[in-house]
file run.cif (mmCIF, C-alpha atoms (C1' of nucleotides))
data_start
loop_
_atom_site.label_atom_id
_atom_site.label_comp_id
_atom_site.auth_asym_id
_atom_site.auth_seq_id
_atom_site.Cartn_x
_atom_site.Cartn_y
_atom_site.Cartn_z
CA MET V 30 96.29 100.40 111.70
CA ASN V 31 93.23 98.43 110.67
CA ALA V 32 93.27 98.58 106.89
CA GLN V 33 89.55 97.94 106.64
CA PHE V 34 88.57 101.09 108.52
CA LYS V 35 90.09 103.14 105.71
CA LYS V 36 87.79 101.82 103.02
CA GLY V 37 85.79 104.69 101.65
CA VAL V 38 87.25 107.18 104.10
CA LEU V 39 90.43 107.69 102.10
CA GLU V 40 88.27 108.92 99.26
CA LEU V 41 86.75 111.55 101.53
CA ILE V 42 90.14 112.61 102.88
CA VAL V 43 91.51 113.00 99.36
CA LEU V 44 88.48 114.97 98.17
CA GLU V 45 88.64 117.20 101.21
CA SER V 46 92.38 117.83 100.79
CA VAL V 47 91.99 118.84 97.16
CA ARG V 48 89.03 121.06 98.04
CA GLN V 49 91.42 123.28 99.99
CA LYS V 50 93.83 123.65 97.08
CA ASP V 51 94.84 121.85 93.90
CA MET V 52 97.33 119.11 94.74
CA TYR V 53 99.46 116.54 92.93
CA GLY V 54 99.65 112.84 93.73
CA TYR V 55 102.92 112.68 95.57
CA GLU V 56 101.92 115.65 97.71
CA LEU V 57 98.61 113.96 98.51
CA VAL V 58 100.35 110.79 99.65
CA GLU V 59 102.21 112.88 102.24
CA GLU V 60 99.19 115.00 103.18
CA VAL V 61 96.84 112.06 103.63
CA SER V 62 99.50 110.15 105.58
CA LYS V 63 99.29 112.79 108.29
CA VAL V 64 95.77 111.53 108.99
CA VAL V 65 95.98 107.83 108.09
CA ASP V 66 98.90 105.76 106.84
CA VAL V 67 98.71 105.29 103.11
CA ASN V 68 101.07 104.53 100.24
CA GLU V 69 101.37 105.48 96.58
CA GLY V 70 99.81 102.29 95.30
CA THR V 71 96.61 103.30 97.03
CA ILE V 72 96.47 106.99 96.19
CA TYR V 73 97.26 106.97 92.48
CA PRO V 74 94.59 104.46 91.48
CA LEU V 75 92.12 106.36 93.66
CA LEU V 76 92.96 109.62 91.88
CA LYS V 77 92.51 107.93 88.52
CA ARG V 78 89.12 106.58 89.55
CA LEU V 79 87.87 109.92 90.86
CA THR V 80 89.07 111.59 87.67
CA ASN V 81 87.25 109.04 85.50
CA GLU V 82 84.15 109.78 87.51
CA ARG V 83 84.58 113.51 86.71
CA TYR V 84 85.13 114.58 90.29
CA PHE V 85 88.60 115.83 89.38
CA GLU V 86 90.10 117.68 86.47
CA THR V 87 93.86 117.51 85.96
CA TYR V 88 96.62 119.66 84.48
CA LEU V 89 100.40 119.39 84.31
CA ARG V 90 102.91 121.83 85.81
CA GLU V 91 106.66 121.54 85.59
CA SER V 92 108.64 121.23 88.79
CA THR V 93 112.19 122.26 89.67
CA GLU V 94 112.51 119.21 91.91
CA GLY V 95 111.74 116.35 89.54
CA PRO V 96 109.38 115.34 86.76
CA PRO V 97 106.25 117.38 85.94
CA ARG V 98 103.45 117.17 88.47
CA LYS V 99 99.88 116.23 87.64
CA TYR V 100 97.62 118.54 89.62
CA TYR V 101 94.11 117.56 90.62
CA HIS V 102 91.33 120.14 90.78
CA LEU V 103 87.90 119.49 92.26
CA THR V 104 84.98 119.92 89.83
CA VAL V 105 81.50 121.08 90.82
CA ALA V 106 80.37 117.46 90.77
CA GLY V 107 83.33 116.67 92.99
CA ILE V 108 82.31 119.28 95.53
CA LEU V 109 78.77 117.88 95.69
CA TYR V 110 80.07 114.36 95.99
CA ARG V 111 82.46 115.39 98.75
CA ASP V 112 79.63 117.05 100.68
CA GLN V 113 77.51 113.94 100.38
CA LEU V 114 80.37 111.66 101.43
CA GLU V 115 81.13 113.81 104.45
CA ALA V 116 77.49 113.75 105.55
CA GLU V 117 77.42 109.99 105.18
CA TRP V 118 80.64 109.55 107.08
CA THR V 119 79.53 111.81 109.91
CA GLU V 120 76.24 109.98 110.29
CA PHE V 121 77.92 106.61 110.11
CA SER V 122 80.62 107.34 112.66
CA GLU V 123 78.09 108.87 115.02
CA ARG V 124 75.84 105.84 114.80
CA VAL V 125 78.74 103.55 115.59
CA GLY V 126 79.90 105.84 118.38
CA HIS V 127 76.46 105.89 119.96
CA PHE V 128 76.14 102.14 119.73
CA LEU V 129 79.47 101.59 121.47
CA GLN V 130 78.52 104.13 124.12
CA GLU V 131 75.13 102.53 124.76
CA GLN V 132 76.60 99.10 125.17
CA LYS V 133 79.11 100.46 127.65
CA THR V 134 76.44 101.80 129.99
CA GLN V 135 74.47 98.56 130.11
CA MET A 28 74.69 103.91 102.99
CA ASN A 29 78.28 103.75 101.83
CA ALA A 30 79.17 100.07 101.83
CA GLN A 31 82.87 100.76 102.21
CA PHE A 32 82.51 102.52 105.54
CA LYS A 33 81.29 99.29 107.05
CA LYS A 34 84.45 97.34 106.33
CA GLY A 35 86.04 96.34 109.59
CA VAL A 36 83.42 98.14 111.67
CA LEU A 37 80.83 95.37 111.30
CA GLU A 38 83.29 93.06 112.98
CA LEU A 39 83.48 95.39 115.97
CA ILE A 40 79.71 95.77 116.15
CA VAL A 41 79.23 92.00 116.09
CA LEU A 42 81.89 91.39 118.75
CA GLU A 43 80.41 94.12 120.93
CA SER A 44 76.89 92.74 120.56
CA VAL A 45 77.93 89.24 121.55
CA ARG A 46 79.94 90.60 124.47
CA GLN A 47 76.65 91.70 126.05
CA LYS A 48 75.07 88.29 125.72
CA ASP A 49 75.38 85.13 123.64
CA MET A 50 73.51 85.57 120.38
CA TYR A 51 72.61 83.55 117.31
CA GLY A 52 73.11 84.59 113.70
CA TYR A 53 69.62 85.61 112.76
CA GLU A 54 69.29 87.64 115.93
CA LEU A 55 72.57 89.38 115.15
CA VAL A 56 71.43 90.33 111.67
CA GLU A 57 68.53 92.20 113.26
CA GLU A 58 70.56 93.64 116.11
CA VAL A 59 73.36 94.90 113.90
CA SER A 60 70.86 96.31 111.40
CA LYS A 61 69.70 98.76 114.06
CA VAL A 62 73.12 100.38 113.78
CA VAL A 63 74.07 99.79 110.13
CA ASP A 64 72.19 98.08 107.34
CA VAL A 65 73.43 94.55 106.85
CA ASN A 66 72.16 91.26 105.46
CA GLU A 67 72.58 87.59 106.21
CA GLY A 68 75.15 87.02 103.49
CA THR A 69 77.46 89.38 105.36
CA ILE A 70 76.88 88.28 108.94
CA TYR A 71 77.10 84.50 108.61
CA PRO A 72 80.47 84.42 106.84
CA LEU A 73 81.75 86.95 109.38
CA LEU A 74 80.62 84.73 112.27
CA LYS A 75 82.33 81.75 110.65
CA ARG A 76 85.55 83.68 110.25
CA LEU A 77 85.57 84.96 113.83
CA THR A 78 84.86 81.43 115.05
CA ASN A 79 87.73 80.02 112.99
CA GLU A 80 89.94 82.65 114.57
CA ARG A 81 88.85 81.43 118.02
CA TYR A 82 87.13 84.65 119.01
CA PHE A 83 83.82 82.81 119.31
CA GLU A 84 82.72 79.45 120.64
CA THR A 85 79.37 78.09 119.49
CA TYR A 86 76.65 75.82 120.80
CA LEU A 87 73.22 74.75 119.57
CA ARG A 88 69.89 75.36 121.32
CA GLU A 89 66.51 74.27 120.05
CA SER A 90 63.92 76.91 119.36
CA THR A 91 60.12 76.80 119.51
CA GLU A 92 59.94 79.19 116.58
CA GLY A 93 61.96 77.37 113.95
CA PRO A 94 65.11 75.35 113.46
CA PRO A 95 67.80 75.12 116.17
CA ARG A 96 69.86 78.23 116.77
CA LYS A 97 73.61 78.37 116.74
CA TYR A 98 74.66 80.62 119.61
CA TYR A 99 77.94 82.51 119.60
CA HIS A 100 79.86 83.12 122.81
CA LEU A 101 82.86 85.45 123.10
CA THR A 102 86.11 83.76 124.19
CA VAL A 103 88.83 85.46 126.24
CA ALA A 104 90.78 86.00 123.03
CA GLY A 105 87.62 87.50 121.58
CA ILE A 106 87.30 89.96 124.42
CA LEU A 107 90.90 91.09 123.99
CA TYR A 108 90.46 91.41 120.25
CA ARG A 109 87.26 93.39 120.71
CA ASP A 110 89.01 95.80 123.10
CA GLN A 111 91.82 96.30 120.63
CA LEU A 112 89.44 96.84 117.72
CA GLU A 113 87.44 99.37 119.69
CA ALA A 114 90.56 101.32 120.62
CA GLU A 115 91.65 101.32 116.97
CA TRP A 116 88.24 102.42 115.77
CA THR A 117 88.01 105.21 118.30
CA GLU A 118 91.43 106.54 117.40
CA PHE A 119 90.72 106.25 113.70
CA SER A 120 87.36 108.01 113.76
CA GLU A 121 88.74 110.77 115.94
CA ARG A 122 91.64 111.37 113.59
CA VAL A 123 89.28 111.62 110.64
CA GLY A 124 86.91 113.83 112.61
CA HIS A 125 89.71 116.19 113.58
CA PHE A 126 90.97 116.36 110.03
CA LEU A 127 87.54 117.29 108.69
CA GLN A 128 87.12 119.87 111.45
CA GLU A 129 90.52 121.44 110.79
CA GLN A 130 89.86 121.80 107.10
CA LYS A 131 86.57 123.49 107.82
CA THR A 132 88.13 126.27 109.88
CA GLN A 133 90.71 127.15 107.25
"C1'" DA E 15 130.76 112.19 83.97
"C1'" DC E 16 128.69 109.26 87.37
"C1'" DC E 17 125.98 107.83 91.10
"C1'" DA E 18 122.86 108.33 94.92
"C1'" DA E 19 118.85 110.38 96.77
"C1'" DC E 20 114.67 112.41 96.20
"C1'" DT E 21 110.65 113.41 93.52
"C1'" DA E 22 106.73 111.62 90.68
"C1'" DC E 23 103.81 108.46 88.50
"C1'" DT E 24 102.34 103.70 86.77
"C1'" DT E 25 101.16 98.92 86.79
"C1'" DG E 26 100.02 94.11 88.04
"C1'" DG E 27 99.03 90.84 91.31
"C1'" DT E 28 96.90 89.91 95.76
"C1'" DA E 29 94.01 90.06 100.08
"C1'" DT E 30 90.05 91.34 102.56
"C1'" DT E 31 85.49 92.01 103.20
"C1'" DG E 32 80.78 93.13 101.95
"C1'" DT E 33 76.68 92.13 98.50
"C1'" DC E 34 73.47 89.47 95.98
"C1'" DA E 35 70.89 85.61 94.95
"C1'" DA E 36 69.49 81.30 95.57
"C1'" DG E 37 68.75 77.25 98.16
"C1'" DT E 38 67.62 74.17 102.30
"C1'" DA E 39 64.79 73.30 106.13
"C1'" DC E 40 62.13 73.81 110.39
"C1'" DT E 41 57.75 75.70 112.94
"C1'" DA E 42 53.33 77.79 113.52
"C1'" DA E 43 49.16 79.73 112.04
"C1'" DA E 44 45.54 80.50 108.49
"C1'" DT Y 24 48.40 72.39 102.90
"C1'" DT Y 25 50.00 76.64 102.00
"C1'" DT Y 26 52.15 80.75 103.73
"C1'" DA Y 27 54.99 83.45 106.69
"C1'" DG Y 28 58.55 83.72 109.67
"C1'" DT Y 29 62.76 81.77 111.48
"C1'" DA Y 30 67.53 80.06 110.64
"C1'" DC Y 31 71.57 78.93 108.25
"C1'" DT Y 32 74.59 78.02 104.00
"C1'" DT Y 33 76.90 78.72 99.71
"C1'" DG Y 34 79.01 80.59 95.44
"C1'" DA Y 35 79.85 84.16 92.29
"C1'" DC Y 36 80.88 88.89 92.36
"C1'" DA Y 37 82.37 93.89 93.40
"C1'" DA Y 38 85.01 97.39 95.64
"C1'" DT Y 39 88.99 98.97 97.55
"C1'" DA Y 40 93.47 98.78 99.94
"C1'" DC Y 41 98.31 96.79 99.95
"C1'" DC Y 42 102.73 95.36 98.07
"C1'" DA Y 43 106.37 95.30 94.91
"C1'" DA Y 44 108.55 96.59 91.09
"C1'" DG Y 45 109.50 99.56 87.32
"C1'" DT Y 46 110.18 104.07 84.71
"C1'" DA Y 47 112.01 108.68 84.73
"C1'" DG Y 48 113.21 113.37 85.86
"C1'" DT Y 49 116.26 116.58 89.01
"C1'" DT Y 50 119.83 117.80 92.19
"C1'" DG Y 51 124.11 117.46 94.55
"C1'" DG Y 52 128.40 115.20 95.73
"C1'" DT Y 53 132.62 112.91 94.12
#
call {"tool": "encode", "arguments": {"input": "run.cif", "output": "structure tokens"}}
result
Amino acid sequence: MNAQFKKGVLELIVLESVRQKDMYGYELVEEVSKVVDVNEGTIYPLLKRLTNERYFETYLRESTEGPPRKYYHLTVAGILYRDQLEAEWTEFSERVGHFLQEQKTQ
Amino acid sequence: MNAQFKKGVLELIVLESVRQKDMYGYELVEEVSKVVDVNEGTIYPLLKRLTNERYFETYLRESTEGPPRKYYHLTVAGILYRDQLEAEWTEFSERVGHFLQEQKTQ
DNA sequence: ACCAACTACTTGGTATTGTCAAGTACTAAA
DNA sequence: TTTAGTACTTGACAATACCAAGTAGTTGGT
């Protein structure tokens, strides 16, 4: 898959996933991979960044299957940011789609 | 506009534009800007890269409105690459679109 | 008790691509 | 001759994804 296409979109996919329910990093790697291929080295730094920007709050929960899990929870600012990102993505992808369509019919 | 969304897509838009007809850099800046905001510092290096990769051939033509123009022409390899990129983009944007749609209905 | 497999997170180096700013230079019109 | 518009180039920078390796906890098999 074209790695460049993912830029920016991964952020939206992660925000949208966590909006549904609080999730931990490893779980997110698997969840996001259902949509676009991604690995740990991409997701963890992204989570750290979004947390620094106050879009996520985190808490620890012990697990019976390994070390404790760090859960990410979307803040109010995170919800607003997600909404904005989704609107931007939708507009962007539609513009590109229309352009490709137009060219085709010429 | 989210700068990250453009990564990779600009390449497709440029290839698609030149597929229609040979174009020169400055013209492409204006053409591509109709779809997504972009400036010279992005387009010219991109054209150079795609030319190095043999997706474009170039030739000079004098202009009555300023200095000579360097025209870009899509090679056969360029056409194939464009087709592949478009297929990848279409699949990618549909996957993301479906994901966002799914989440909404839950 | 030991080891492998799975879970979970971290870190450091790298690659790619877009942005910004500044510079060069040509033509036409005021 | 100055200004605006056309046309291209370059270098420093920023953002984000990838890769590889490392640390550590838990479970299950031997």
call {"tool": "closest_atom_pairs", "arguments": {"input": "run.cif", "of": "chain V", "to": "chain Y", "cutoff": "9 Å", "atoms": "only C-alpha atoms (C1' of nucleotides)", "output": "CSV"}}
result
residue,atom,partner,partner_atom,distance
V:Ala32,CA,Y:DA40,C1',7.0
V:Gln33,CA,Y:DA40,C1',7.8
V:Lys35,CA,Y:DA40,C1',8.0
V:Lys36,CA,Y:DT39,C1',6.3
V:Gly37,CA,Y:DT39,C1',7.7
V:Val67,CA,Y:DA40,C1',8.9
V:Asn68,CA,Y:DC41,C1',8.2
V:Gly70,CA,Y:DC41,C1',7.4
V:Thr71,CA,Y:DA40,C1',6.2
V:Leu75,CA,Y:DT39,C1',8.9
V:Ser92,CA,Y:DT49,C1',8.9
V:Thr93,CA,Y:DT49,C1',7.0
V:Glu94,CA,Y:DT49,C1',5.4
V:Gly95,CA,Y:DT49,C1',4.6
V:Pro96,CA,Y:DG48,C1',4.4
V:Pro97,CA,Y:DG48,C1',8.0
call {"tool": "atom_distance", "arguments": {"input": "run.cif", "atom1": "CA of Ser60 (chain A)", "atom2": "CA of Lys97 (chain A)"}}
result
18.9 Å
call {"tool": "interface_residues", "arguments": {"input": "run.cif", "of": "chain E", "to": "chain V", "cutoff": "12 Å", "atoms": "all atoms listed in the file", "output": "list in words"}}
result
DA19, DC20, DT21, DA22, DC23, DT24, DT25, DG26, DA29, DT30, DT31 and DG32 of chain E
call {"tool": "atom_distance", "arguments": {"input": "run.cif", "atom1": "CA of Asn29 (chain A)", "atom2": "CA of Asp112 (chain V)"}}
result
13.4 Å
call {"tool": "resolve_selection", "arguments": {"input": "run.cif", "expression": "the PyMOL selection byres ((chain V) within 9 of (chain A))", "output": "ChimeraX atom specification"}}
result
/V:30-38,42,45-46,49,64-65,114-115,117-119,121-122,124-129,132,135
call {"tool": "closest_residue", "arguments": {"input": "run.cif", "among": "A:Ile70, A:Leu101, A:Leu87, A:Leu77", "to": "Val45 (chain A)", "atoms": "only C-alpha atoms"}}
result
A:Leu101
call {"tool": "atom_distance", "arguments": {"input": "run.cif", "atom1": "CA of Thr80 (chain V)", "atom2": "C1' of DT33 (chain E)"}}
result
25.5 Å
